[in-house]
$ cat final-v9.csv   # CSV, C-alpha atoms and all ligand atoms
chain,number,residue,atom,x,y,z
M,1,MET,CA,21.4,-109.6,-80.5
M,2,THR,CA,24.3,-109.8,-78.0
M,3,GLY,CA,27.3,-107.6,-77.9
M,4,GLU,CA,28.1,-104.3,-76.4
M,5,VAL,CA,25.3,-102.2,-75.0
M,6,ASN,CA,25.4,-98.8,-76.6
M,7,HIS,CA,25.6,-96.2,-73.8
M,8,SER,CA,25.9,-93.2,-76.0
M,9,LEU,CA,22.9,-90.8,-76.4
M,10,HIS,CA,21.2,-92.3,-79.4
M,11,ILE,CA,17.6,-92.7,-78.6
M,12,ILE,CA,15.2,-89.8,-78.8
M,13,HIS,CA,11.6,-90.0,-77.6
M,14,CYS,CA,9.3,-87.3,-79.0
M,15,ASP,CA,5.9,-86.6,-77.4
M,16,LEU,CA,3.6,-83.8,-78.5
M,17,ASP,CA,2.2,-81.8,-75.6
M,18,ALA,CA,-1.6,-82.1,-75.0
M,19,PHE,CA,-1.8,-83.0,-78.6
M,20,TYR,CA,-5.6,-83.0,-79.5
M,21,ALA,CA,-6.2,-79.9,-77.4
M,22,ALA,CA,-3.2,-78.2,-79.0
M,23,VAL,CA,-4.5,-78.9,-82.5
M,24,GLU,CA,-7.9,-77.5,-81.5
M,25,GLN,CA,-6.2,-74.3,-80.2
M,26,ASN,CA,-4.1,-74.1,-83.3
M,27,ASP,CA,-7.0,-74.4,-85.6
M,28,ASN,CA,-9.1,-72.0,-83.6
M,29,PRO,CA,-6.8,-69.4,-82.0
M,30,SER,CA,-9.7,-68.0,-79.9
M,31,LEU,CA,-9.3,-71.1,-77.8
M,32,LYS,CA,-5.7,-70.3,-76.9
M,33,GLY,CA,-5.2,-69.7,-73.2
M,34,LYS,CA,-8.5,-71.4,-72.5
M,35,PRO,CA,-9.2,-74.7,-70.7
M,36,VAL,CA,-9.9,-77.0,-73.7
M,37,ILE,CA,-11.2,-80.5,-73.0
M,38,VAL,CA,-11.4,-82.9,-75.9
M,39,GLY,CA,-13.5,-86.0,-75.7
M,40,GLY,CA,-16.2,-87.2,-73.3
M,41,SER,CA,-18.8,-88.0,-75.9
M,42,ALA,CA,-20.2,-91.5,-76.2
M,43,ALA,CA,-17.9,-92.0,-79.2
M,44,SER,CA,-14.9,-91.5,-77.0
M,45,ARG,CA,-16.2,-93.9,-74.4
M,46,GLY,CA,-17.3,-91.1,-72.1
M,47,VAL,CA,-13.9,-90.1,-71.0
M,48,VAL,CA,-11.6,-87.1,-71.6
M,49,SER,CA,-9.1,-87.9,-74.4
M,50,THR,CA,-6.8,-84.9,-73.9
M,51,CYS,CA,-7.1,-81.5,-72.2
M,52,SER,CA,-5.0,-78.4,-72.5
M,53,TYR,CA,-2.6,-77.3,-69.8
M,54,GLU,CA,-5.1,-74.6,-68.8
M,55,ALA,CA,-7.6,-77.3,-68.0
M,56,ARG,CA,-5.1,-79.4,-66.1
M,57,LYS,CA,-4.8,-76.5,-63.6
M,58,PHE,CA,-8.4,-77.4,-62.6
M,59,GLY,CA,-7.4,-81.0,-62.0
M,60,VAL,CA,-8.8,-82.3,-65.3
M,61,ARG,CA,-6.8,-85.3,-66.6
M,62,SER,CA,-7.0,-87.5,-69.7
M,63,ALA,CA,-9.0,-90.8,-69.1
M,64,MET,CA,-11.1,-89.0,-66.5
M,65,PRO,CA,-14.9,-89.4,-66.9
M,66,ALA,CA,-16.3,-86.4,-68.7
M,67,ALA,CA,-18.9,-85.7,-66.0
M,68,GLN,CA,-16.2,-85.3,-63.4
M,69,ALA,CA,-14.3,-83.0,-65.8
M,70,ARG,CA,-17.4,-80.8,-66.1
M,71,ARG,CA,-17.7,-80.6,-62.3
M,72,LEU,CA,-14.1,-79.6,-61.9
M,73,CYS,CA,-14.0,-77.2,-64.8
M,74,PRO,CA,-17.5,-75.9,-65.7
M,75,GLN,CA,-16.1,-73.1,-67.7
M,76,GLY,CA,-14.1,-75.5,-69.9
M,77,VAL,CA,-14.5,-75.6,-73.6
M,78,PHE,CA,-15.7,-79.2,-74.3
M,79,LEU,CA,-15.0,-80.4,-77.9
M,80,PRO,CA,-15.6,-83.6,-79.8
M,81,VAL,CA,-12.7,-85.7,-80.9
M,82,ARG,CA,-11.7,-84.9,-84.5
M,83,MET,CA,-9.6,-87.9,-85.1
M,84,GLU,CA,-9.3,-87.3,-88.8
M,85,ARG,CA,-7.7,-83.9,-88.2
M,86,TYR,CA,-5.3,-85.2,-85.5
M,87,LEU,CA,-4.1,-88.0,-87.7
M,88,GLU,CA,-3.5,-85.5,-90.5
M,89,VAL,CA,-1.3,-83.4,-88.2
M,90,SER,CA,0.3,-86.5,-86.8
M,91,HIS,CA,1.4,-87.5,-90.3
M,92,GLN,CA,3.0,-84.1,-90.7
M,93,VAL,CA,4.8,-84.4,-87.4
M,94,PHE,CA,6.1,-87.9,-88.3
M,95,ALA,CA,7.3,-86.6,-91.7
M,96,ILE,CA,9.5,-84.1,-89.9
M,97,LEU,CA,10.8,-86.7,-87.4
M,98,SER,CA,11.6,-89.1,-90.2
M,99,ASP,CA,13.9,-86.5,-91.8
M,100,TYR,CA,16.5,-87.3,-89.1
M,101,THR,CA,16.7,-91.1,-89.2
M,102,PRO,CA,15.2,-94.0,-91.1
M,103,LEU,CA,14.8,-95.7,-87.7
M,104,MET,CA,11.5,-94.3,-86.4
M,105,GLU,CA,9.0,-96.2,-84.3
M,106,PRO,CA,5.7,-94.4,-83.9
M,107,ILE,CA,4.0,-95.7,-80.7
M,108,SER,CA,0.8,-93.6,-80.9
M,109,VAL,CA,-0.5,-90.7,-82.9
M,110,ASP,CA,1.6,-88.2,-80.8
M,111,GLU,CA,4.7,-90.2,-79.8
M,112,ALA,CA,7.6,-91.8,-81.5
M,113,PHE,CA,11.1,-93.2,-80.8
M,114,LEU,CA,14.0,-92.3,-83.1
M,115,ASP,CA,17.3,-94.2,-83.1
M,116,ILE,CA,19.8,-91.6,-84.4
M,117,SER,CA,22.9,-93.8,-84.4
M,118,GLY,CA,24.7,-93.1,-87.5
M,119,THR,CA,22.9,-90.0,-88.5
M,120,GLN,CA,24.8,-87.6,-86.1
M,121,ASN,CA,27.4,-86.8,-88.7
M,122,LEU,CA,24.7,-85.5,-90.9
M,123,PHE,CA,22.6,-83.6,-88.3
M,124,GLY,CA,24.8,-82.8,-85.4
M,125,SER,CA,24.8,-83.8,-81.7
M,126,PRO,CA,21.7,-85.5,-80.2
M,127,GLU,CA,20.9,-82.3,-78.4
M,128,ALA,CA,21.2,-80.3,-81.7
M,129,ILE,CA,18.8,-82.8,-83.4
M,130,GLY,CA,16.4,-82.6,-80.5
M,131,ARG,CA,16.4,-78.8,-80.6
M,132,GLU,CA,16.0,-78.8,-84.4
M,133,ILE,CA,13.0,-81.1,-84.2
M,134,LYS,CA,11.4,-78.8,-81.6
M,135,ARG,CA,12.1,-75.8,-83.7
M,136,ARG,CA,10.6,-77.3,-86.9
M,137,VAL,CA,7.5,-78.7,-85.2
M,138,ARG,CA,6.8,-75.3,-83.7
M,139,SER,CA,7.6,-73.2,-86.8
M,140,GLU,CA,6.0,-75.5,-89.4
M,141,LEU,CA,3.1,-76.8,-87.4
M,142,GLY,CA,2.6,-74.4,-84.5
M,143,LEU,CA,2.9,-77.2,-81.9
M,144,THR,CA,5.1,-77.9,-79.0
M,145,ILE,CA,6.8,-81.3,-78.6
M,146,SER,CA,8.7,-82.6,-75.7
M,147,VAL,CA,11.9,-84.4,-76.4
M,148,GLY,CA,13.8,-86.9,-74.2
M,149,ILE,CA,17.2,-88.1,-75.1
M,150,SER,CA,19.1,-91.0,-73.6
M,151,TYR,CA,20.8,-94.3,-74.3
M,152,ASN,CA,17.7,-96.5,-74.2
M,153,LYS,CA,14.0,-96.4,-74.8
M,154,PHE,CA,12.9,-96.5,-71.2
M,155,LEU,CA,15.1,-93.5,-70.2
M,156,ALA,CA,14.3,-91.5,-73.3
M,157,LYS,CA,10.6,-91.8,-72.7
M,158,LEU,CA,11.0,-91.0,-69.1
M,159,ALA,CA,13.2,-87.9,-70.1
M,160,SER,CA,10.6,-86.5,-72.5
M,161,ASP,CA,8.1,-86.5,-69.6
M,162,LEU,CA,10.3,-84.8,-67.0
M,163,ASN,CA,10.2,-81.3,-68.3
M,164,LYS,CA,6.8,-81.3,-70.0
M,165,PRO,CA,5.4,-79.2,-71.7
M,166,ASP,CA,7.9,-78.0,-74.4
M,167,GLY,CA,10.7,-79.9,-72.6
M,168,LEU,CA,14.1,-81.1,-73.7
M,169,CYS,CA,15.7,-83.4,-71.2
M,170,ILE,CA,18.9,-85.5,-71.6
M,171,ILE,CA,19.7,-88.4,-69.4
M,172,PRO,CA,23.3,-89.4,-70.0
M,173,TYR,CA,24.7,-92.8,-68.9
M,174,ASP,CA,26.9,-91.5,-66.1
M,175,ARG,CA,24.0,-89.6,-64.4
M,176,ALA,CA,21.0,-91.9,-65.2
M,177,LEU,CA,20.8,-93.7,-61.8
M,178,GLU,CA,21.1,-90.4,-59.9
M,179,ILE,CA,18.5,-88.7,-62.0
M,180,ILE,CA,15.8,-91.4,-61.7
M,181,ARG,CA,16.6,-92.2,-58.1
M,182,PRO,CA,14.0,-89.9,-56.4
M,183,LEU,CA,11.1,-90.8,-58.8
M,184,PRO,CA,8.2,-92.9,-57.6
M,185,VAL,CA,8.1,-96.5,-58.7
M,186,THR,CA,5.2,-95.8,-60.9
M,187,ARG,CA,7.7,-94.3,-63.4
M,188,LEU,CA,9.0,-97.8,-64.1
M,189,TRP,CA,7.3,-99.3,-67.2
M,190,GLY,CA,4.7,-101.8,-66.2
M,191,VAL,CA,4.2,-100.6,-62.6
M,192,GLY,CA,0.5,-99.8,-62.4
M,193,GLU,CA,-1.6,-99.5,-59.2
M,194,LYS,CA,-1.5,-103.2,-58.3
M,195,ALA,CA,2.2,-103.5,-58.7
M,196,ARG,CA,2.7,-100.2,-56.8
M,197,GLN,CA,0.7,-101.6,-53.8
M,198,ALA,CA,2.7,-104.8,-54.0
M,199,LEU,CA,6.0,-102.9,-53.9
M,200,GLU,CA,4.8,-100.7,-51.1
M,201,ARG,CA,4.1,-103.8,-49.0
M,202,LEU,CA,7.7,-104.7,-49.5
M,203,GLY,CA,8.7,-101.2,-48.3
M,204,ILE,CA,9.6,-100.0,-51.8
M,205,LYS,CA,8.3,-96.5,-52.9
M,206,THR,CA,11.0,-94.9,-55.1
M,207,VAL,CA,13.1,-96.0,-58.0
M,208,GLY,CA,16.1,-95.5,-55.6
M,209,ASP,CA,14.6,-98.1,-53.3
M,210,VAL,CA,14.5,-100.6,-56.2
M,211,GLN,CA,18.1,-99.6,-57.2
M,212,ASP,CA,19.3,-100.5,-53.7
M,213,LEU,CA,17.9,-104.1,-53.8
M,214,PRO,CA,20.4,-106.9,-54.3
M,215,THR,CA,20.3,-108.7,-57.6
M,216,GLY,CA,17.6,-111.3,-57.7
M,217,TRP,CA,15.8,-110.1,-54.5
M,218,LEU,CA,12.8,-108.6,-56.4
M,219,ALA,CA,12.7,-111.5,-58.9
M,220,GLU,CA,12.3,-114.0,-56.0
M,221,ARG,CA,9.3,-112.1,-54.7
M,222,MET,CA,7.6,-110.9,-57.9
M,223,GLY,CA,8.9,-113.1,-60.6
M,224,ALA,CA,9.8,-111.9,-64.1
M,225,SER,CA,8.1,-108.5,-63.6
M,226,GLY,CA,10.2,-108.0,-60.5
M,227,GLN,CA,13.3,-108.6,-62.5
M,228,HIS,CA,12.0,-106.3,-65.2
M,229,TYR,CA,11.4,-103.4,-62.6
M,230,TRP,CA,14.9,-104.0,-61.1
M,231,GLU,CA,16.6,-103.7,-64.5
M,232,LEU,CA,14.7,-100.6,-65.4
M,233,ALA,CA,15.6,-99.0,-62.1
M,234,ARG,CA,19.2,-99.8,-62.9
M,235,GLY,CA,18.9,-98.1,-66.3
M,236,ILE,CA,18.9,-101.4,-68.2
M,237,ASP,CA,16.6,-101.7,-71.2
M,238,THR,CA,17.7,-103.6,-74.3
M,239,ARG,CA,14.7,-103.1,-76.5
M,240,GLN,CA,15.5,-101.8,-79.9
M,241,VAL,CA,13.7,-99.1,-81.9
M,242,GLU,CA,11.5,-101.2,-84.2
M,243,THR,CA,10.5,-99.6,-87.4
M,244,HIS,CA,8.0,-102.3,-88.6
M,245,GLU,CA,10.1,-102.4,-91.7
M,246,GLU,CA,11.0,-105.8,-93.1
M,247,ARG,CA,14.3,-106.0,-94.8
M,248,LYS,CA,14.0,-104.5,-98.3
M,249,SER,CA,10.8,-102.8,-97.5
M,250,LEU,CA,9.5,-99.6,-96.1
M,251,GLY,CA,6.3,-99.2,-94.1
M,252,ARG,CA,4.1,-97.1,-92.0
M,253,GLU,CA,1.2,-98.0,-89.9
M,254,VAL,CA,-1.0,-96.4,-87.2
M,255,THR,CA,-3.0,-97.9,-84.4
M,256,PHE,CA,-6.1,-95.7,-83.9
M,257,PRO,CA,-6.9,-94.5,-80.4
M,258,GLU,CA,-10.5,-95.4,-81.2
M,259,ASP,CA,-11.5,-98.0,-83.7
M,260,ILE,CA,-12.5,-96.5,-87.1
M,261,ASP,CA,-14.8,-97.6,-89.9
M,262,ASP,CA,-14.9,-94.3,-91.8
M,263,MET,CA,-13.7,-94.9,-95.3
M,264,GLN,CA,-12.7,-91.3,-95.8
M,265,ILE,CA,-10.4,-91.3,-92.8
M,266,LEU,CA,-8.9,-94.6,-93.9
M,267,GLN,CA,-8.3,-93.3,-97.4
M,268,LYS,CA,-6.6,-90.1,-96.1
M,269,ASN,CA,-4.3,-92.2,-93.9
M,270,LEU,CA,-3.3,-94.3,-96.8
M,271,ALA,CA,-2.8,-91.2,-99.0
M,272,ALA,CA,-0.5,-89.7,-96.3
M,273,PHE,CA,1.4,-93.0,-95.9
M,274,SER,CA,1.9,-93.2,-99.7
M,275,ALA,CA,3.2,-89.6,-99.9
M,276,GLU,CA,5.5,-90.1,-96.9
M,277,LEU,CA,6.9,-93.4,-98.0
M,278,CYS,CA,7.3,-92.3,-101.7
M,279,ARG,CA,9.2,-89.2,-100.5
M,280,LYS,CA,11.6,-91.5,-98.6
M,281,LEU,CA,12.0,-93.7,-101.7
M,282,ARG,CA,12.8,-90.7,-103.9
M,283,ARG,CA,15.2,-89.3,-101.3
M,284,ASP,CA,17.1,-92.7,-101.2
M,285,LYS,CA,16.7,-93.1,-105.0
M,286,LEU,CA,14.7,-96.3,-104.6
M,287,TYR,CA,11.7,-97.9,-106.4
M,288,CYS,CA,9.3,-100.4,-105.0
M,289,SER,CA,7.6,-103.3,-106.8
M,290,THR,CA,5.0,-104.4,-104.2
M,291,VAL,CA,2.4,-102.5,-102.3
M,292,THR,CA,1.0,-104.2,-99.2
M,293,LEU,CA,-2.0,-103.1,-97.3
M,294,LYS,CA,-2.4,-104.2,-93.7
M,295,LEU,CA,-5.7,-104.1,-91.8
M,296,ARG,CA,-6.3,-105.1,-88.2
M,297,TYR,CA,-9.9,-105.3,-87.0
M,298,SER,CA,-11.3,-104.6,-83.5
M,299,SER,CA,-11.2,-108.4,-83.0
M,300,PHE,CA,-7.4,-108.3,-83.7
M,301,LYS,CA,-7.9,-110.3,-86.9
M,302,THR,CA,-5.3,-109.1,-89.3
M,303,ILE,CA,-5.2,-109.3,-93.1
M,304,ASN,CA,-2.5,-108.3,-95.6
M,305,ARG,CA,-3.3,-107.7,-99.3
M,306,SER,CA,-0.5,-107.2,-101.8
M,307,ARG,CA,-0.1,-106.2,-105.4
M,308,THR,CA,2.9,-106.3,-107.6
M,309,ILE,CA,3.4,-103.2,-109.7
M,310,ALA,CA,6.0,-101.9,-112.2
M,311,PRO,CA,8.8,-100.3,-110.2
M,312,SER,CA,7.7,-96.9,-109.0
M,313,HIS,CA,8.1,-94.2,-106.4
M,314,ALA,CA,5.4,-91.9,-107.5
M,315,ASP,CA,2.8,-90.8,-105.0
M,316,VAL,CA,0.0,-91.0,-107.5
M,317,VAL,CA,0.8,-94.5,-108.6
M,318,ILE,CA,1.4,-96.0,-105.2
M,319,GLY,CA,-1.5,-94.1,-103.6
M,320,GLN,CA,-3.9,-95.3,-106.2
M,321,VAL,CA,-2.8,-99.0,-105.8
M,322,ALA,CA,-3.2,-98.6,-102.0
M,323,ASP,CA,-6.6,-97.1,-102.4
M,324,GLU,CA,-7.7,-99.9,-104.7
M,325,LEU,CA,-6.5,-102.5,-102.3
M,326,LEU,CA,-8.5,-100.8,-99.5
M,327,GLN,CA,-11.6,-100.5,-101.6
M,328,LYS,CA,-11.4,-104.2,-102.5
M,329,SER,CA,-10.6,-105.6,-99.1
M,330,TYR,CA,-12.5,-103.4,-96.7
M,331,ARG,CA,-16.3,-103.2,-96.7
M,332,GLY,CA,-16.7,-101.2,-93.5
M,333,ASP,CA,-18.4,-104.2,-91.9
M,334,SER,CA,-16.3,-104.1,-88.8
M,335,PRO,CA,-14.2,-101.2,-87.4
M,336,LEU,CA,-10.4,-101.2,-87.7
M,337,ARG,CA,-7.9,-100.6,-85.0
M,338,LEU,CA,-4.9,-100.4,-87.3
M,339,ILE,CA,-4.1,-99.6,-90.9
M,340,GLY,CA,-0.7,-99.9,-92.5
M,341,LEU,CA,1.0,-99.6,-95.8
M,342,SER,CA,4.3,-101.2,-96.8
M,343,LEU,CA,6.3,-100.9,-100.0
M,344,GLY,CA,8.4,-103.9,-100.8
M,345,LYS,CA,10.9,-105.4,-103.3
M,346,LEU,CA,12.9,-102.2,-103.2
M,347,SER,CA,15.4,-101.6,-105.9
M,348,SER,CA,17.8,-98.9,-106.7
M,349,ALA,CA,16.9,-98.6,-110.3
M,350,PRO,CA,13.7,-99.3,-112.1
M,351,ASP,CA,13.5,-102.3,-114.2
M,352,TRP,CA,13.7,-100.8,-117.7
M,353,GLU,CA,12.5,-104.0,-119.3
M,354,GLN,CA,9.0,-103.0,-118.1
M,355,GLY,CA,9.4,-99.6,-119.8
M,356,GLY,CA,5.8,-99.4,-121.0
M,357,LEU,CA,4.4,-99.6,-117.5
M,358,PHE,CA,7.2,-97.5,-116.0
M,359,GLU,CA,6.4,-94.5,-118.3
M,360,GLU,CA,3.2,-94.1,-116.5
M,361,SER,CA,4.9,-93.4,-113.2
M,362,ALA,CA,7.8,-91.5,-114.9
M,363,GLN,CA,5.4,-88.7,-115.9
M,364,TYR,CA,4.5,-88.2,-112.3
M,365,GLU,CA,8.1,-88.3,-111.1
M,366,LYS,CA,8.9,-84.7,-112.1
M,367,VAL,CA,5.9,-83.4,-110.3
M,368,ASP,CA,6.9,-85.4,-107.1
M,369,MET,CA,10.5,-84.2,-107.3
M,370,LEU,CA,9.4,-80.6,-107.6
M,371,MET,CA,7.1,-81.0,-104.6
M,372,ASP,CA,10.0,-82.5,-102.6
M,373,GLN,CA,12.2,-79.6,-103.4
M,374,ILE,CA,9.5,-77.1,-102.4
M,375,ARG,CA,8.9,-79.0,-99.1
M,376,ARG,CA,12.6,-79.0,-98.4
M,377,ARG,CA,12.8,-75.3,-98.9
M,378,PHE,CA,9.6,-74.2,-97.2
M,379,GLY,CA,8.6,-77.0,-94.9
M,380,SER,CA,6.5,-80.1,-95.4
M,381,ARG,CA,3.2,-78.4,-94.7
M,382,VAL,CA,3.4,-76.0,-97.7
M,383,ILE,CA,2.4,-78.3,-100.4
M,384,GLN,CA,0.3,-81.5,-100.4
M,385,ARG,CA,-1.6,-83.4,-103.0
M,386,GLY,CA,-5.4,-82.8,-103.1
M,387,ASN,CA,-6.2,-86.1,-101.4
M,388,GLN,CA,-4.4,-85.1,-98.3
M,389,LEU,CA,-6.1,-81.8,-97.8
M,390,PRO,CA,-8.6,-81.3,-95.0
M,391,SER,CA,-12.1,-82.0,-96.2
M,392,ARG,CA,-14.7,-79.3,-96.0
M,393,GLY,CA,-16.1,-78.8,-92.6
M,394,ASP,CA,-12.9,-79.8,-90.7
M,395,ASP,CA,-11.9,-76.3,-89.8
L,401,MG,MG,1.6,-86.6,-75.8
$ encode --input "final-v9.csv" --output "structure tokens"
Amino acid sequence: MTGEVNHSLHIIHCDLDAFYAAVEQNDNPSLKGKPVIVGGSAASRGVVSTCSYEARKFGVRSAMPAAQARRLCPQGVFLPVRMERYLEVSHQVFAILSDYTPLMEPISVDEAFLDISGTQNLFGSPEAIGREIKRRVRSELGLTISVGISYNKFLAKLASDLNKPDGLCIIPYDRALEIIRPLPVTRLWGVGEKARQALERLGIKTVGDVQDLPTGWLAERMGASGQHYWELARGIDTRQVETHEERKSLGREVTFPEDIDDMQILQKNLAAFSAELCRKLRRDKLYCSTVTLKLRYSSFKTINRSRTIAPSHADVVIGQVADELLQKSYRGDSPLRLIGLSLGKLSSAPDWEQGGLFEESAQYEKVDMLMDQIRRRFGSRVIQRGNQLPSRGDD
């Protein structure tokens, strides 16, 4: 926990631009160049979820009441939220990102942190990795993604936002304080409207104003959050990229922007997680012996259900176990805010003692290996198993 703070550029924050609207424009090219506004129905709590950059010119913003958006932009194309489709594309994006490091922390459907320490020998400089991610997301998925690179999470996230859309911004250690100095205090994590007003009463408006305060001054007046703001303004943020992976396990989970009780969507998510995690296992020549499903309800009640299996890294086997766990433990009675899948008891060779059971997964192994090869050559979108394909009526 203690020790040297790493001031090299090793954290990348990736944030898709106007994600839902961009997916809609991608899926329906006649919407390109038009003000597209996603959300606003009762299901999305009456507010705009995302709008295209064309709509932003009219002053439309996400989280704005739909009625206000209609007044500002009557010619806008208003579309319902197609969460299932966005999650599908989100999985494809995360699959690309996870090619560059095992240390990936998705923080929403369209954003993730990567810690690339140790992978630079393989993939080049942080900037080269950032450019390659942008290139692949554009060529394989037709989307633009903004990339911020720095030496901690706060600055990487701030950087990805500085040149949006389609940005690539690097904040190196020796220039960090100067780069963030002119920004308003609301750029500091945790400074909302209330804190902004409180800071303004103290005569503090910019990040630079905070930087110039003596140590402890803000903490005396605003407590722990004051200390937090001061540290961020000085470019100090010690949070690590957290992958939600326990030791000896591999996992993926998603927090839905809106709670979900649609079994089909949940199943597709699990199928995508299985495919992604199995691909990583095969890449690292690992097998798993436990499959754990995690469900978190709207009430924040969380349950985990596990099953022990013969060592496997076959999509079909893991995917089926995950699906069975879901069918058994979720009855659609109350919507979910999070679903996750983790594969545990990883080993580098299957336990041949359990040969009988292993054969079942061995027969799928060749198919999976072949699919991995095709994906590597032609991109991760080219080939998917049937259970990950869009359902009829999506497009
Ligand atoms: Mg975004």
$ residues_near_ligand --input "final-v9.csv" --ligand "ligand MG 401 (chain L)" --cutoff "6 Å" --atoms "all atoms listed in the file" --output "number ranges by chain"
M: 15-19, 110
$ closest_residue --input "final-v9.csv" --among "M:Ser249, M:Thr308, M:Ser150, M:Ser90" --to "M:Ile107" --atoms "all atoms listed in the file"
M:Ser90
$ closest_residue --input "final-v9.csv" --among "M:Leu31, M:Met64, M:Ala272, M:Val5" --to "M:Val254" --atoms "only C-alpha atoms"
M:Ala272
$ atom_distance --input "final-v9.csv" --atom1 "atom CA of M:Asn304" --atom2 "atom CA of M:Asn269"
16.3 Å
$ closest_residue --input "final-v9.csv" --among "M:Ala156, M:Leu343, M:Val23, M:Leu338" --to "M:Leu281" --atoms "only C-alpha atoms"
M:Leu343
$ atom_distance --input "final-v9.csv" --atom1 "atom CA of M:Arg307" --atom2 "atom CA of M:Thr292"
6.6 Å
